[in-house]
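J.: I'd like to ask you about the structure that follows.
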Amino acid sequence: MEIPTSAVNEEARRRAEDAAISALVDQYAGALYRVAYSVLRNPTDAEDAVQETFLRVLRHRDTLAEVRDHRVWLIRIVWNIALDRKRRAKTRPETDDVSELARVLPSTGLSAEELAAAAEHHAHVLKCVEQLPAKEREVLLLSAFEELSSVEIAAVLGITESSVRSRLFRARNLMAELLEHQRT
């Protein structure tokens with residue numbers, strides 16, 4: 001019995017899509033986790049947001065080839081999911097656990113004491129970031145923590161590039177003031 005060519009082509013296409021999605025997971029899961037964690041401040045919620053992001057990717061697997069920049073597309077999805085989760089879970093407390101913050105810091109071969117000090121500094125900076133107005137906080141998180149360009153941030157947030165640059169300028173100035181105020 002011969003298998004129809006269309007069935008073979010469909011199976012090959014499905015395997016190629018699965019490989020592409022697997023590559024996206026491997027390449028971007030860490031970055032998506034950091035974005036989600038920067039919004040949600042809860043490791044479990046951040047992991048759930050990343051999983052939900054890839055579930056949405058699976059639902060749109062047929063249009064995956066049409067996406068020009070997978071990184072920006074995925075970050076926009078996880079960003080929106082994280083914001084939705086944060087809105088729904090306003091009563092849930094955010095974690096201030098230094099060990100949880102240490103999980104999201106890049107591995108640098110630091111000693112335990114150095115890692116704890118870095119995590120405390122990271123927590124201090126995040127507290128200052130949380131004091132920023134929402135619009136400035138959004139662009140700063142995407143710029144500083146995810147190193148997105150102003151063009152990419154504009155695409156994620158659905159605003160103009162000039163708006164991104166002005167918000168980023170204000171955010172950096174406000175952060176400098178907050179950090180200076182905290183130091184004195």
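By order in the structure tokens, chains are A, B, ...; within a chain, residues start at 1; ligands start at 1, following the order shown.
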Just the residues within 12 Å of Ala65 of chain A, please, counting only C-alpha atoms, with nothing from its chain fewer than 4 positions along; format it as a ChimeraX atom specification.

T.: /A:13,16-17,20-21,57,60-61,69-70

J.: Give me, as a ChimeraX atom specification, all polymer residues having an atom no more than 8 Å from segment 147-158 of chain A, counting only C-alpha atoms and skipping those fewer than 2 positions away in the same chain.

T.: /A:72-73,75-76,79,139,142-145,160-161,163-165

J.: Per DSSP on the backbone, filter chain A down to the residues in alpha helix (DSSP H) and report them as a PyMOL selection string.

T.: chain A and resi 5-40+43-59+70-88+98-104+112-130+134-140+150-157+161-183

J.: Would you mind telling me which residue in A:Val39, A:Ala116, A:Leu126, A:Leu74 lies nearest to Arg56 of chain A when using only C-alpha atoms?

T.: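 Counting only C-alpha atoms, the residue closest to Arg56 of chain A is A:Leu74.
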
J.: Which of these residues is nearest to Lys86 of chain A, using only C-alpha atoms: A:Ser22, A:Thr63, A:Gln27, A:Ser38?

T.: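 Counting only C-alpha atoms, the residue closest to Lys86 of chain A is A:Ser38.
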
J.: In terms of the shortest atom-to-atom distance over only C-alpha atoms, which of A:Ala82, A:Arg34, A:Leu24, A:Glu136 is closest to Asp48 of chain A?

T.: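 When distances to Asp48 of chain A are compared using only C-alpha atoms, the smallest one comes from A:Ala82.
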
J.: Please measure the separation of atom CA of His121 of chain A and atom CA of Leu140 of chain A, giving the value in Å to one decimal.

T.: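 Result for atom CA of His121 of chain A versus atom CA of Leu140 of chain A: 17.1 Å, one decimal.
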
J.: In Å, with one decimal, what is the gap from atom CA of Cys128 of chain A to atom CA of Ala112 of chain A?

T.: 24.3 Å

J.: Atom CA of Ile77 of chain A and atom CA of Asp45 of chain A, how far apart in Å?

T.: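 Distance reported for this atom pair: 14.8 Å.
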